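Asker: Below is the file final-v6.csv, which contains CSV, C-alpha atoms.
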```
chain,number,residue,atom,x,y,z
X,1,ARG,CA,0.0,0.0,0.0
X,2,PRO,CA,1.5,3.4,-0.9
X,3,ARG,CA,2.6,5.6,2.0
X,4,LEU,CA,1.0,9.0,2.1
X,5,PRO,CA,3.1,12.0,3.1
X,6,PRO,CA,2.2,13.5,6.4
X,7,LYS,CA,-0.2,16.4,6.1
X,8,VAL,CA,-0.9,19.0,8.7
X,9,SER,CA,-3.7,21.4,8.0
X,10,LEU,CA,-3.8,24.4,10.3
X,11,GLU,CA,-6.8,25.5,8.2
X,12,SER,CA,-8.9,22.5,9.1
X,13,ARG,CA,-7.0,21.8,12.4
X,14,SER,CA,-6.2,18.2,11.5
X,15,GLU,CA,-3.4,15.9,10.6
X,16,SER,CA,-3.3,12.8,8.3
X,17,PRO,CA,-2.4,10.1,8.3
X,18,VAL,CA,-3.3,10.3,12.0
X,19,LYS,CA,-0.5,9.2,14.2
X,20,LEU,CA,-1.3,11.0,17.4
X,21,CYS,CA,-4.3,11.6,19.6
X,22,PRO,CA,-6.2,13.7,19.7
X,23,ARG,CA,-7.3,13.5,16.0
X,24,ASN,CA,-8.1,17.1,15.8
X,25,LEU,CA,-5.7,19.9,16.5
X,26,VAL,CA,-7.1,22.9,18.4
X,27,THR,CA,-5.7,26.5,18.5
X,28,VAL,CA,-2.5,25.6,16.6
X,29,GLU,CA,-0.8,28.4,14.9
X,30,ASN,CA,2.7,27.0,14.3
X,31,VAL,CA,3.9,23.6,13.1
X,32,ILE,CA,7.2,21.7,12.9
X,33,GLY,CA,7.2,18.9,10.3
X,34,GLY,CA,9.1,15.6,10.6
X,35,SER,CA,11.8,13.9,8.6
X,36,GLY,CA,9.6,13.0,5.6
X,37,ASP,CA,8.0,15.0,2.8
X,38,ASP,CA,5.4,17.0,4.7
X,39,ILE,CA,2.4,18.9,3.4
X,40,ILE,CA,1.7,21.9,5.6
X,41,VAL,CA,-1.5,23.9,5.0
X,42,ALA,CA,-1.5,27.4,6.5
X,43,SER,CA,-4.6,28.8,8.3
X,44,ASP,CA,-5.8,32.4,8.5
X,45,ALA,CA,-3.8,33.0,11.7
X,46,VAL,CA,-0.2,34.2,11.6
X,47,ASN,CA,1.7,30.9,11.3
X,48,GLU,CA,5.4,30.0,11.7
X,49,LEU,CA,6.0,26.9,9.6
X,50,THR,CA,9.0,24.5,9.8
X,51,GLY,CA,9.0,21.6,7.4
X,52,GLY,CA,11.9,19.7,8.8
X,53,GLU,CA,13.9,17.3,6.6
X,54,GLY,CA,12.5,16.1,3.3
X,55,ASP,CA,10.9,17.9,0.3
X,56,ASP,CA,8.0,19.8,2.0
X,57,PHE,CA,5.0,21.6,0.5
X,58,PHE,CA,3.9,24.8,2.2
X,59,VAL,CA,0.3,25.4,1.0
X,60,PHE,CA,-1.4,28.8,1.1
X,61,LYS,CA,-5.1,28.6,-0.1
X,62,THR,CA,-6.2,32.2,0.4
X,63,VAL,CA,-4.8,35.7,0.7
X,64,ALA,CA,-5.9,35.6,4.3
X,65,SER,CA,-3.8,32.5,4.9
X,66,THR,CA,-0.6,34.4,4.0
X,67,GLY,CA,-0.9,37.8,5.7
X,68,LEU,CA,0.6,41.2,4.9
X,69,GLY,CA,3.3,43.1,6.7
X,70,SER,CA,6.1,42.4,9.2
X,71,GLY,CA,4.7,40.4,12.2
X,72,ARG,CA,1.4,39.8,10.4
X,73,ARG,CA,2.5,37.5,7.6
X,74,ASP,CA,3.2,33.8,7.7
X,75,LYS,CA,6.8,32.8,8.0
X,76,ILE,CA,8.6,29.7,6.7
X,77,LEU,CA,11.5,29.1,9.0
X,78,ASP,CA,13.5,26.4,7.1
X,79,PHE,CA,12.9,26.7,3.4
X,80,GLU,CA,15.4,24.4,1.6
X,81,VAL,CA,16.1,23.2,-1.9
X,82,GLY,CA,13.4,20.6,-2.8
X,83,ASP,CA,10.7,22.4,-0.7
X,84,ARG,CA,7.8,24.0,-2.6
X,85,ILE,CA,5.3,26.9,-1.9
X,86,LYS,CA,1.9,26.2,-3.4
X,87,ILE,CA,-0.3,29.3,-3.9
X,88,ASP,CA,-2.4,28.2,-6.9
X,89,GLU,CA,-5.7,28.4,-5.0
X,90,ILE,CA,-5.1,32.1,-4.3
X,91,SER,CA,-5.7,32.7,-8.0
X,92,GLU,CA,-9.4,32.1,-7.3
X,93,GLU,CA,-9.4,35.5,-5.6
X,94,PHE,CA,-8.2,37.4,-8.7
X,95,GLU,CA,-10.3,40.4,-9.5
X,96,THR,CA,-13.4,39.4,-11.6
X,97,VAL,CA,-12.2,41.3,-14.6
X,98,PHE,CA,-9.6,38.6,-15.0
X,99,ASP,CA,-12.4,36.1,-15.7
X,100,GLU,CA,-13.3,38.1,-18.9
X,101,VAL,CA,-9.8,37.8,-20.2
X,102,PHE,CA,-9.5,34.1,-19.8
X,103,ASP,CA,-12.5,31.8,-20.0
X,104,ASP,CA,-10.5,28.8,-18.7
X,105,PRO,CA,-9.9,29.1,-15.0
X,106,GLY,CA,-6.9,26.8,-15.4
X,107,ILE,CA,-5.1,29.6,-17.0
X,108,ARG,CA,-5.0,31.6,-13.8
X,109,LYS,CA,-1.3,31.5,-13.0
X,110,PHE,CA,1.1,33.7,-11.2
X,111,ILE,CA,3.8,35.6,-13.2
X,112,LEU,CA,7.1,36.6,-11.7
X,113,ILE,CA,8.0,40.3,-12.2
X,114,ALA,CA,11.2,42.2,-11.5
X,115,GLN,CA,11.8,43.3,-7.9
X,116,ALA,CA,11.6,47.0,-8.8
X,117,GLN,CA,8.6,46.6,-11.1
X,118,GLU,CA,5.2,47.9,-9.7
X,119,PHE,CA,2.2,45.6,-9.7
X,120,SER,CA,-0.4,46.3,-12.4
X,121,LYS,CA,-2.4,43.1,-13.0
X,122,PRO,CA,-3.8,40.2,-11.0
X,123,GLY,CA,-1.4,37.2,-10.7
X,124,GLN,CA,1.9,39.2,-10.5
X,125,MET,CA,4.4,38.3,-7.8
X,126,ARG,CA,7.9,39.4,-6.9
X,127,PHE,CA,10.6,38.6,-4.4
X,128,LYS,CA,12.5,41.1,-2.2
X,129,TYR,CA,15.1,40.7,0.5
X,130,ASP,CA,14.4,42.4,3.8
X,131,ASP,CA,17.7,43.2,5.6
X,132,ARG,CA,16.1,44.0,8.9
X,133,GLU,CA,14.2,40.7,9.0
X,134,ASN,CA,17.0,38.7,7.3
X,135,SER,CA,14.2,37.2,5.1
X,136,THR,CA,13.2,36.9,1.6
X,137,ILE,CA,9.6,38.1,1.0
X,138,LEU,CA,7.3,36.7,-1.6
X,139,GLU,CA,4.8,39.5,-2.5
X,140,GLY,CA,1.7,38.9,-4.6
X,141,ASN,CA,-1.1,40.9,-6.3
X,142,ILE,CA,-4.7,39.8,-7.0
X,143,ASP,CA,-6.1,43.0,-8.5
X,144,TYR,CA,-5.3,45.9,-10.8
X,145,ASP,CA,-3.8,48.4,-8.3
X,146,THR,CA,-0.1,48.7,-7.4
X,147,ASP,CA,-0.6,47.6,-3.7
X,148,THR,CA,0.9,44.3,-2.4
X,149,ASP,CA,-2.1,42.1,-1.5
X,150,PHE,CA,-0.3,39.2,0.2
X,151,GLU,CA,3.2,38.3,1.5
X,152,ILE,CA,5.0,35.1,2.7
X,153,GLU,CA,8.2,35.5,4.6
X,154,ILE,CA,11.0,33.0,4.0
X,155,VAL,CA,13.7,33.3,6.6
X,156,GLY,CA,17.2,33.8,5.2
X,157,SER,CA,18.4,35.0,1.8
X,158,HIS,CA,17.2,32.8,-1.0
X,159,ASP,CA,17.8,33.1,-4.8
X,160,LEU,CA,14.3,32.0,-5.6
X,161,ARG,CA,13.1,31.1,-9.1
X,162,TYR,CA,9.5,30.6,-10.2
X,163,GLU,CA,10.0,27.2,-11.8
X,164,GLN,CA,12.0,25.9,-8.8
X,165,TYR,CA,9.8,26.8,-6.0
X,166,LEU,CA,6.2,27.3,-7.0
X,167,TYR,CA,4.2,24.3,-7.8
X,168,SER,CA,1.3,24.3,-10.2
X,169,VAL,CA,-1.1,21.4,-10.8
```
As structure tokens, please, write out the structure in this file.

Answerer:
Amino acid sequence: RPRLPPKVSLESRSESPVKLCPRNLVTVENVIGGSGDDIIVASDAVNELTGGEGDDFFVFKTVASTGLGSGRRDKILDFEVGDRIKIDEISEEFETVFDEVFDDPGIRKFILIAQAQEFSKPGQMRFKYDDRENSTILEGNIDYDTDTDFEIEIVGSHDLRYEQYLYSV
């Protein structure tokens, strides 16, 4: 029988396959994964996420699950080569005008823009390094203004590339 990777969902407050009691996690905001390939789903609370060893997936399903601003955004504490950040479901929050451009919702993807470039369209994202936090910040946009709509903090300085770190189904 195939072995499923451990999955901890802070969103639904559960874990699978269930190894510990109780079966439901209550008021959990931070998680530390194990030595395997973990799947960690962020909740709307401010989360500090540690995947541990293995090729981990950090899943952010909504803008609210990521946060915005120092101390108010989720933080990945141990992002390593092989780990992935999955933000595909955030594209469901793109401004409705986007629907008129593409009839196929499967086309809703994120596009990496230059660090100094301003946001102008839904689905744009960029990376910046924050010296004070010693962190790389993934910033994203879901509408047509220039404001950052969500952020994910990745502790340390990382040379991130779209194709290496963002997973699309």

Asker: Nearest to Asp130 (chain X): which of X:Glu29, X:Glu118, X:Glu153, X:Glu89 is it, counting all atoms listed in the file?

Answerer: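 Among X:Glu29, X:Glu118, X:Glu153, X:Glu89, it is X:Glu153 that comes nearest to Asp130 (chain X).
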
Asker: Using all atoms listed in the file, which residue out of X:Asp78, X:Gly51, X:Tyr144, X:Gly123 lies closest to His158 (chain X)?

Answerer: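 Counting all atoms listed in the file, the residue closest to His158 (chain X) is X:Asp78.
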
Asker: Calculated over all atoms listed in the file, which of the candidates X:Ser70, X:Ser91, X:Ser35, X:Ser65 has the smallest distance to Arg132 (chain X)?

Answerer: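 For Arg132 (chain X), the nearest of the candidates is X:Ser70.
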
Asker: For a cut-off of 10 Å around (-0.3, 35.5, 1.2), file coordinates, pick out all residues using only C-alpha atoms and list them as a list in words.

Answerer: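 Nearby residues: Ala42, Asp44, Phe60, Lys61, Thr62, Val63, Ala64, Ser65, Thr66, Gly67, Leu68, Arg73, Asp74, Ile87, Ile90, Leu138, Glu139, Gly140, Asn141, Thr148, Asp149, Phe150, Glu151, Ile152 and Glu153 of chain X.
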
Asker: Pick the closest to Phe127 (chain X) from X:Val8, X:Ile32, X:Ala114, X:Val59: which is it, counting only C-alpha atoms?

Answerer: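 Residue with the minimum atom-to-atom distance to Phe127 (chain X): X:Ala114.
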
Asker: With distances taken over all atoms listed in the file, which of X:Gly33, X:Gly156, X:Gly54, X:Pro122 is nearest to Glu92 (chain X)?

Answerer: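 Closest candidate: X:Pro122.
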
Asker: Using only C-alpha atoms, pick whichever of X:Lys128, X:Arg84, X:Lys121, X:Arg72 has the shortest atom-to-atom distance to Thr146 (chain X).

Answerer: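 Of X:Lys128, X:Arg84, X:Lys121, X:Arg72, the one nearest Thr146 (chain X) is X:Lys121, counting only C-alpha atoms.
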
Asker: What is the distance between CA of Ser43 (chain X) and CA of Gly82 (chain X), in Å to one decimal?

Answerer: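 Between CA of Ser43 (chain X) and CA of Gly82 (chain X) the gap is 22.7 Å.
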
Asker: Box along x, y and z, 4 Å on every side, all listed atoms of region 83-95 of chain X inside: centre and edge lengths in Å to one decimal, as AutoDock Vina command-line options.

Answerer:
```
--center_x 0.2 --center_y 31.4 --center_z -5.1 --size_x 29.0 --size_y 26.0 --size_z 16.8
```

Asker: Enter the distance from CA of Glu80 (chain X) to CA of Phe94 (chain X), in Å, rounded to one decimal.

Answerer: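 Rounded to one decimal, the two atoms are 28.8 Å apart.
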
Asker: Rounded to one decimal, what separation in Å do you get between CA of Leu77 (chain X) and CA of Glu53 (chain X)?

Answerer: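 Between these atoms lies a distance of 12.3 Å.
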